[in-house]
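K.L.:
Here you go, this is structure30.pdb (PDB, C-alpha atoms).
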```pdb
ATOM      1  CA  MET A  16     111.239  88.487  34.912
ATOM      2  CA  SER A  17     114.475  90.301  35.689
ATOM      3  CA  SER A  18     116.082  90.269  39.107
ATOM      4  CA  CYS A  19     115.594  94.041  39.267
ATOM      5  CA  GLY A  20     111.813  93.574  38.857
ATOM      6  CA  ASN A  21     111.754  90.923  41.595
ATOM      7  CA  PHE A  22     113.735  93.196  43.886
ATOM      8  CA  THR A  23     111.274  96.045  43.301
ATOM      9  CA  LYS A  24     108.294  93.794  44.125
ATOM     10  CA  LEU A  25     110.036  92.567  47.272
ATOM     11  CA  LEU A  26     110.778  96.138  48.296
ATOM     12  CA  VAL A  27     107.121  97.173  47.781
ATOM     13  CA  ILE A  28     105.900  94.159  49.815
ATOM     14  CA  LEU A  29     108.329  94.984  52.639
ATOM     15  CA  VAL A  30     107.250  98.631  52.716
ATOM     16  CA  VAL A  31     103.557  97.686  52.855
ATOM     17  CA  PHE A  32     104.153  94.988  55.494
ATOM     18  CA  LEU A  33     106.392  97.089  57.733
ATOM     19  CA  SER A  34     104.573 100.409  57.345
ATOM     20  CA  SER A  35     101.788  99.457  59.752
ATOM     21  CA  THR A  36     104.268  98.719  62.525
ATOM     22  CA  SER A  37     106.867 101.377  61.850
ATOM     23  CA  ILE A  38     104.565 104.337  61.170
ATOM     24  CA  ALA A  39     101.897 103.625  63.784
ATOM     25  CA  LYS A  40     102.372 105.275  67.157
ATOM     26  CA  LEU A  41     102.715 103.137  70.271
ATOM     27  CA  VAL A  42     100.264 104.388  72.933
ATOM     28  CA  PRO A  43      99.734 103.183  76.519
ATOM     29  CA  VAL A  44      96.084 102.204  77.009
ATOM     30  CA  ILE A  45      95.088 101.830  80.658
ATOM     31  CA  ALA A  46      92.540  99.127  81.451
ATOM     32  CA  ARG A  47      92.423  99.364  85.264
ATOM     33  CA  ILE A  48      93.737 101.594  88.059
ATOM     34  CA  ASP A  49      93.986 100.491  91.691
ATOM     35  CA  SER A  50      94.834 103.214  94.210
ATOM     36  CA  THR A  51      95.044 103.743  97.945
ATOM     37  CA  PHE A  52      95.609 107.036  99.735
ATOM     38  CA  ASN A  53      96.439 107.801 103.362
ATOM     39  CA  ALA A  54      93.162 109.304 104.638
ATOM     40  CA  GLN A  55      94.994 111.135 107.445
ATOM     41  CA  LEU A  56      96.996 113.159 104.912
ATOM     42  CA  SER A  57      94.530 113.733 102.066
ATOM     43  CA  ASN A  58      91.161 113.063 100.518
ATOM     44  CA  SER A  59      92.201 111.854  97.077
ATOM     45  CA  SER A  60      91.024 109.672  94.223
ATOM     46  CA  ILE A  61      91.870 108.475  90.735
ATOM     47  CA  THR A  62      88.981 107.663  88.410
ATOM     48  CA  LEU A  63      89.335 105.862  85.105
ATOM     49  CA  LEU A  64      86.942 107.422  82.592
ATOM     50  CA  THR A  65      85.557 104.713  80.343
ATOM     51  CA  GLU A  66      82.445 106.535  79.110
ATOM     52  CA  GLY A  67      82.381 108.420  75.864
ATOM     53  CA  PRO A  68      82.615 107.679  72.163
ATOM     54  CA  GLN A  69      83.691 104.121  71.513
ATOM     55  CA  GLY A  70      85.766 103.012  68.596
ATOM     56  CA  ARG A  71      89.015 101.405  67.797
ATOM     57  CA  ARG A  72      90.917 104.626  68.514
ATOM     58  CA  ARG A  73      89.325 105.236  71.951
ATOM     59  CA  ILE A  74      91.990 105.685  74.602
ATOM     60  CA  PRO A  75      90.644 105.842  78.184
ATOM     61  CA  GLU A  76      91.396 108.962  80.181
ATOM     62  CA  PHE A  77      91.536 109.415  83.942
ATOM     63  CA  THR A  78      90.972 112.147  86.508
ATOM     64  CA  VAL A  79      93.119 112.697  89.599
ATOM     65  CA  SER A  80      91.811 114.681  92.567
ATOM     66  CA  ILE A  81      94.067 115.474  95.543
ATOM     67  CA  GLN A  82      92.857 117.411  98.587
ATOM     68  CA  ASN A  83      95.830 117.661 100.941
ATOM     69  CA  TYR A  84      95.132 118.748 104.508
ATOM     70  CA  HIS A  85      98.618 119.868 105.568
ATOM     71  CA  SER A  86     101.514 121.758 104.069
ATOM     72  CA  VAL A  87     104.007 119.365 102.450
ATOM     73  CA  SER A  88     107.682 120.294 102.675
ATOM     74  CA  GLU A  89     109.159 116.935 101.646
ATOM     75  CA  ALA A  90     107.758 114.383  99.227
ATOM     76  CA  TRP A  91     109.277 111.510  97.270
ATOM     77  CA  LEU A  92     107.743 109.620  94.382
ATOM     78  CA  ASN A  93     108.871 106.152  93.378
ATOM     79  CA  GLY A  94     107.904 104.979  89.917
ATOM     80  CA  LYS A  95     108.293 101.499  88.497
ATOM     81  CA  LEU A  96     107.393 100.271  85.007
ATOM     82  CA  THR A  97     107.244  96.543  84.283
ATOM     83  CA  ILE A  98     106.560  95.159  80.816
ATOM     84  CA  SER A  99     105.225  91.636  80.359
ATOM     85  CA  THR A 100     105.252  89.598  77.201
ATOM     86  CA  LYS A 101     102.014  88.652  75.487
ATOM     87  CA  ASN A 102     102.320  85.128  76.903
ATOM     88  CA  GLY A 103     102.073  86.639  80.400
ATOM     89  CA  ARG A 104     105.677  86.358  81.534
ATOM     90  CA  ILE A 105     106.587  89.327  83.710
ATOM     91  CA  SER A 106     109.990  90.818  83.103
ATOM     92  CA  GLN A 107     112.154  92.822  85.430
ATOM     93  CA  PRO A 108     111.172  96.486  85.759
ATOM     94  CA  ILE A 109     112.617  98.573  82.934
ATOM     95  CA  ILE A 110     112.268 101.716  85.057
ATOM     96  CA  ASP A 111     112.539 101.859  88.845
ATOM     97  CA  THR A 112     113.369 105.322  90.154
ATOM     98  CA  THR A 113     112.709 107.626  93.088
ATOM     99  CA  VAL A 114     112.601 111.407  92.767
ATOM    100  CA  SER A 115     112.173 114.254  95.213
ATOM    101  CA  PHE A 116     108.959 116.026  94.225
ATOM    102  CA  CYS A 117     110.244 119.284  95.730
ATOM    103  CA  ASP A 118     113.464 119.029  93.680
ATOM    104  CA  LEU A 119     111.309 118.467  90.596
ATOM    105  CA  LEU A 120     109.303 121.620  91.361
ATOM    106  CA  GLN A 121     112.503 123.680  91.787
ATOM    107  CA  ASN A 122     114.041 122.259  88.580
ATOM    108  CA  PRO A 123     111.149 121.400  86.232
ATOM    109  CA  GLN A 124     113.490 121.106  83.237
ATOM    110  CA  LYS A 125     114.828 117.849  84.730
ATOM    111  CA  SER A 126     111.708 115.951  83.725
ATOM    112  CA  LEU A 127     108.831 116.108  81.265
ATOM    113  CA  VAL A 128     106.518 114.881  84.030
ATOM    114  CA  TYR A 129     106.042 118.376  85.476
ATOM    115  CA  PHE A 130     105.018 119.786  82.097
ATOM    116  CA  GLU A 131     102.583 116.888  81.588
ATOM    117  CA  ILE A 132     101.064 117.575  85.036
ATOM    118  CA  ARG A 133     100.560 121.263  84.160
ATOM    119  CA  ARG A 134      98.812 120.335  80.910
ATOM    120  CA  TYR A 135      95.801 118.993  82.878
ATOM    121  CA  GLY A 136      95.516 121.259  85.917
ATOM    122  CA  ARG A 137      97.078 123.678  88.373
ATOM    123  CA  ALA A 138     100.394 122.332  89.619
ATOM    124  CA  PRO A 139     102.237 123.542  92.689
ATOM    125  CA  ASP A 140     105.281 125.607  91.741
ATOM    126  CA  ARG A 141     107.402 125.250  94.891
ATOM    127  CA  CYS A 142     107.714 123.564  98.254
ATOM    128  CA  PRO A 143     106.237 123.640 100.761
ATOM    129  CA  ILE A 144     103.106 122.641  98.878
ATOM    130  CA  ALA A 145     100.187 124.535 100.367
ATOM    131  CA  PRO A 146      97.097 122.680 101.567
ATOM    132  CA  GLY A 147      94.406 122.713  98.934
ATOM    133  CA  LEU A 148      92.605 120.939  96.149
ATOM    134  CA  TYR A 149      94.519 119.868  93.036
ATOM    135  CA  VAL A 150      92.444 118.368  90.216
ATOM    136  CA  TYR A 151      93.798 116.997  86.931
ATOM    137  CA  SER A 152      90.875 116.227  84.621
ATOM    138  CA  ASN A 153      90.676 114.038  81.530
ATOM    139  CA  VAL A 154      94.344 113.072  81.641
ATOM    140  CA  SER A 155      95.277 111.319  78.425
ATOM    141  CA  LEU A 156      98.393 109.330  77.614
ATOM    142  CA  LYS A 157      98.016 109.809  73.836
ATOM    143  CA  LYS A 158     100.943 112.226  73.690
ATOM    144  CA  THR A 159     103.291 110.102  75.806
ATOM    145  CA  GLN A 160     106.549 109.407  74.000
ATOM    146  CA  ILE A 161     107.169 105.641  73.984
ATOM    147  CA  PRO A 162     110.571 104.329  72.851
ATOM    148  CA  SER A 163     110.241 102.817  69.376
ATOM    149  CA  PHE A 164     112.125  99.647  70.315
ATOM    150  CA  LEU A 165     109.246  98.460  72.525
ATOM    151  CA  LEU A 166     106.654  96.126  71.050
ATOM    152  CA  GLU A 167     102.946  95.807  71.759
ATOM    153  CA  SER A 168     102.816  94.296  75.234
ATOM    154  CA  ASP A 169     101.112  94.501  78.607
ATOM    155  CA  PHE A 170     102.454  96.739  81.374
ATOM    156  CA  VAL A 171     102.070  97.592  85.042
ATOM    157  CA  VAL A 172     102.995 101.047  86.339
ATOM    158  CA  GLU A 173     103.416 101.380  90.099
ATOM    159  CA  VAL A 174     103.711 104.790  91.767
ATOM    160  CA  SER A 175     104.106 105.239  95.487
ATOM    161  CA  GLY A 176     104.603 108.474  97.360
ATOM    162  CA  THR A 177     105.993 109.232 100.772
ATOM    163  CA  THR A 178     106.177 112.458 102.718
ATOM    164  CA  GLY A 179     107.910 113.881 105.790
ATOM    165  CA  SER A 180     111.072 112.827 107.560
ATOM    166  CA  ALA A 181     109.365 109.579 108.639
ATOM    167  CA  ARG A 182     108.522 108.896 104.987
ATOM    168  CA  ASN A 183     104.841 108.263 105.677
ATOM    169  CA  GLN A 184     103.224 106.666 102.657
ATOM    170  CA  PHE A 185     100.481 108.889 101.239
ATOM    171  CA  VAL A 186      99.708 107.177  97.927
ATOM    172  CA  ASN A 187     100.064 103.850  96.190
ATOM    173  CA  VAL A 188      98.814 103.493  92.617
ATOM    174  CA  LYS A 189      98.961 100.569  90.208
ATOM    175  CA  ALA A 190      97.853 101.014  86.607
ATOM    176  CA  TYR A 191      97.414  98.030  84.312
ATOM    177  CA  GLY A 192      97.266  98.323  80.568
ATOM    178  CA  SER A 193      98.690  97.532  77.150
ATOM    179  CA  LEU A 194     100.969  99.262  74.701
ATOM    180  CA  LYS A 195      99.047  99.383  71.424
ATOM    181  CA  ARG A 196      99.830 100.716  67.984
ATOM    182  CA  PHE A 197      97.430 103.306  66.537
TER     183      PHE A 197
END
```
As structure tokens, please, write out the structure in this file.
P.N.:
Amino acid sequence: MSSCGNFTKLLVILVVFLSSTSIAKLVPVIARIDSTFNAQLSNSSITLLTEGPQGRRRIPEFTVSIQNYHSVSEAWLNGKLTISTKNGRISQPIIDTTVSFCDLLQNPQKSLVYFEIRRYGRAPDRCPIAPGLYVYSNVSLKKTQIPSFLLESDFVVEVSGTTGSARNQFVNVKAYGSLKRF
């Protein structure tokens, strides 16, 4: 057989082998959410929805409900994303950032987070944030853009929020899951 024929076979094998990893979309699949809220500031919850049609493409959704009692004029959110290898070794956080929620509301173009929040429910549009009930139902991470250089792995996302000049903690959330190709 000619070297050109061998090269063609090798190319076809490579395309078939790599197509499942290069074409498939990497999606965060949450397995567990732990959350605590300051009961003096709000009546809030996060519920992981595991009911519904099962199958290999089932991606759990979650619902967030926030009933804040007081007007909020200052709020900061700290987000941290840590990826661990499949053998369980935890790496350093690949994202660790703090943002002013009020600055985000005034300049929503700075982050896609605000637009994702609005996809699932009524979002405040300015500070101070009025007391009231904010519900975000059936939140899905299927449309989250994951950098293509990441591999299938486990992750932990930590979000904590503080409010007021004393930076009183009002929320602490940890979500555990895996990045999976679909």
K.L.:
Would you work out the distance separating CA of Gln121 in chain A from CA of Cys142 in chain A, expressed in Å to one decimal?
P.N.:
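Computing the Euclidean distance for CA of Gln121 in chain A and CA of Cys142 in chain A yields 8.0 Å.
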K.L.:
My list of candidates is A:Pro43, A:Gly192, A:Pro162, A:Gly176. Which is closest to Thr113 in chain A when distances are computed with only C-alpha atoms?
P.N.:
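Of A:Pro43, A:Gly192, A:Pro162, A:Gly176, the one nearest Thr113 in chain A is A:Gly176, counting only C-alpha atoms.
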K.L.:
Can you pull out the residues contacting Glu173 in chain A? Cut-off 7 Å, using only C-alpha atoms, and skip same-chain residues under 4 positions away; I want them as JSON, numbers by chain.
P.N.:
{"A": [94, 95, 96, 188, 189, 190]}
K.L.:
So what does the PyMOL selection byres ((chain A and resi 42) around 8) actually pick up in this one, as a PyMOL selection string?
P.N.:
chain A and resi 40-41+43-44+156-159+161+194-197
K.L.:
Could you take the residues named above and write them with C-alpha atoms, as a PDB file, keeping the file's coordinate frame?
P.N.:
```
ATOM      1  CA  LYS A  40     102.372 105.275  67.157  1.00  0.00           C
ATOM      2  CA  LEU A  41     102.715 103.137  70.271  1.00  0.00           C
ATOM      3  CA  PRO A  43      99.734 103.183  76.519  1.00  0.00           C
ATOM      4  CA  VAL A  44      96.084 102.204  77.009  1.00  0.00           C
ATOM      5  CA  LEU A 156      98.393 109.330  77.614  1.00  0.00           C
ATOM      6  CA  LYS A 157      98.016 109.809  73.836  1.00  0.00           C
ATOM      7  CA  LYS A 158     100.943 112.226  73.690  1.00  0.00           C
ATOM      8  CA  THR A 159     103.291 110.102  75.806  1.00  0.00           C
ATOM      9  CA  ILE A 161     107.169 105.641  73.984  1.00  0.00           C
ATOM     10  CA  LEU A 194     100.969  99.262  74.701  1.00  0.00           C
ATOM     11  CA  LYS A 195      99.047  99.383  71.424  1.00  0.00           C
ATOM     12  CA  ARG A 196      99.830 100.716  67.984  1.00  0.00           C
ATOM     13  CA  PHE A 197      97.430 103.306  66.537  1.00  0.00           C
TER      14      PHE A 197
END
```
K.L.:
Would you mind telling me which residue in A:Val174, A:Leu92, A:Ile98, A:Val150 lies nearest to Arg137 in chain A when using only C-alpha atoms?
P.N.:
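Closest candidate: A:Val150.
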K.L.:
I need the residue nearest Ala54 in chain A from this list: A:Gln82, A:Ser193, A:Ser180, A:Ile74. Use all atoms listed in the file for the distance.
P.N.:
A:Gln82
K.L.:
Counting only C-alpha atoms, note down every residue that has an atom within 7 Å of the point (99.6, 123.2, 103.5) (file coordinates), as a count of residues only.
P.N.:
8
K.L.:
Pick the closest to Asn187 in chain A from A:Gly136, A:Ser155, A:Thr51, A:Leu119: which is it, counting all atoms listed in the file?
P.N.:
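Among the listed residues, the smallest separation from Asn187 in chain A belongs to A:Thr51.
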K.L.:
What does the structure give for the distance between CA of Arg47 in chain A and CA of Leu63 in chain A, in Å to one decimal?
P.N.:
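Straight-line distance from CA of Arg47 in chain A to CA of Leu63 in chain A works out to 7.2 Å.
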K.L.:
Between CA of Arg182 in chain A and CA of Asn122 in chain A, measure the distance and give it in Å to one decimal.
P.N.:
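Separation between CA of Arg182 in chain A and CA of Asn122 in chain A: 21.9 Å.
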K.L.:
For Glu89 in chain A, find every residue with an atom within 7 Å (counting all atoms listed in the file), except residues of its own chain fewer than 5 positions away, and show them as a ChimeraX atom specification.
P.N.:
/A:117,178-179
K.L.:
I'd like to know which of A:Ser88, A:Thr78, A:Thr112, A:Ser57 is closest to Gln184 in chain A, using all atoms listed in the file.
P.N.:
A:Ser57
K.L.:
Using only C-alpha atoms, can you list as a list in words the residues within 8 Å of (95.3, 107.1, 94.8)?
P.N.:
Asp49, Ser50, Thr51, Phe52, Ser59, Ser60, Ile61, Val79, Val186, Asn187 and Val188 of chain A
K.L.:
Edge lengths and centre, in Å to one decimal, as AutoDock Vina command-line options: that's what I need for the box along x, y and z that holds all listed atoms of range 44-62 of chain A plus 6 Å on each side.
P.N.:
```
--center_x 93.0 --center_y 106.4 --center_z 92.2 --size_x 20.0 --size_y 26.6 --size_z 42.4
```
K.L.:
Go through A:Ile45, A:Leu56, A:Leu166, A:Ala138 and flag the residue nearest Glu76 in chain A, using only C-alpha atoms for the distances.
P.N.:
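Closest to Glu76 in chain A, using only C-alpha atoms: A:Ile45.
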K.L.:
Write out as a VMD selection string the residues lying within 12 Å of Ser99 in chain A, counting only C-alpha atoms and excluding same-chain residues fewer than 4 positions away.
P.N.:
chain A and resid 103 to 109 165 to 172 191 to 194
K.L.:
Keeping C-alpha atoms for every residue in the selection just given, could you write it to a file as a PDB file, in the frame of the given file?
P.N.:
```pdb
ATOM      1  CA  GLY A 103     102.073  86.639  80.400  1.00  0.00           C
ATOM      2  CA  ARG A 104     105.677  86.358  81.534  1.00  0.00           C
ATOM      3  CA  ILE A 105     106.587  89.327  83.710  1.00  0.00           C
ATOM      4  CA  SER A 106     109.990  90.818  83.103  1.00  0.00           C
ATOM      5  CA  GLN A 107     112.154  92.822  85.430  1.00  0.00           C
ATOM      6  CA  PRO A 108     111.172  96.486  85.759  1.00  0.00           C
ATOM      7  CA  ILE A 109     112.617  98.573  82.934  1.00  0.00           C
ATOM      8  CA  LEU A 165     109.246  98.460  72.525  1.00  0.00           C
ATOM      9  CA  LEU A 166     106.654  96.126  71.050  1.00  0.00           C
ATOM     10  CA  GLU A 167     102.946  95.807  71.759  1.00  0.00           C
ATOM     11  CA  SER A 168     102.816  94.296  75.234  1.00  0.00           C
ATOM     12  CA  ASP A 169     101.112  94.501  78.607  1.00  0.00           C
ATOM     13  CA  PHE A 170     102.454  96.739  81.374  1.00  0.00           C
ATOM     14  CA  VAL A 171     102.070  97.592  85.042  1.00  0.00           C
ATOM     15  CA  VAL A 172     102.995 101.047  86.339  1.00  0.00           C
ATOM     16  CA  TYR A 191      97.414  98.030  84.312  1.00  0.00           C
ATOM     17  CA  GLY A 192      97.266  98.323  80.568  1.00  0.00           C
ATOM     18  CA  SER A 193      98.690  97.532  77.150  1.00  0.00           C
ATOM     19  CA  LEU A 194     100.969  99.262  74.701  1.00  0.00           C
TER      20      LEU A 194
END
```
K.L.:
List the spatial neighbours of Leu120 in chain A as a count of residues only - criterion: any atom at most 7 Å away, all atoms listed in the file, same-chain residues fewer than 3 positions off excluded.
P.N.:
5
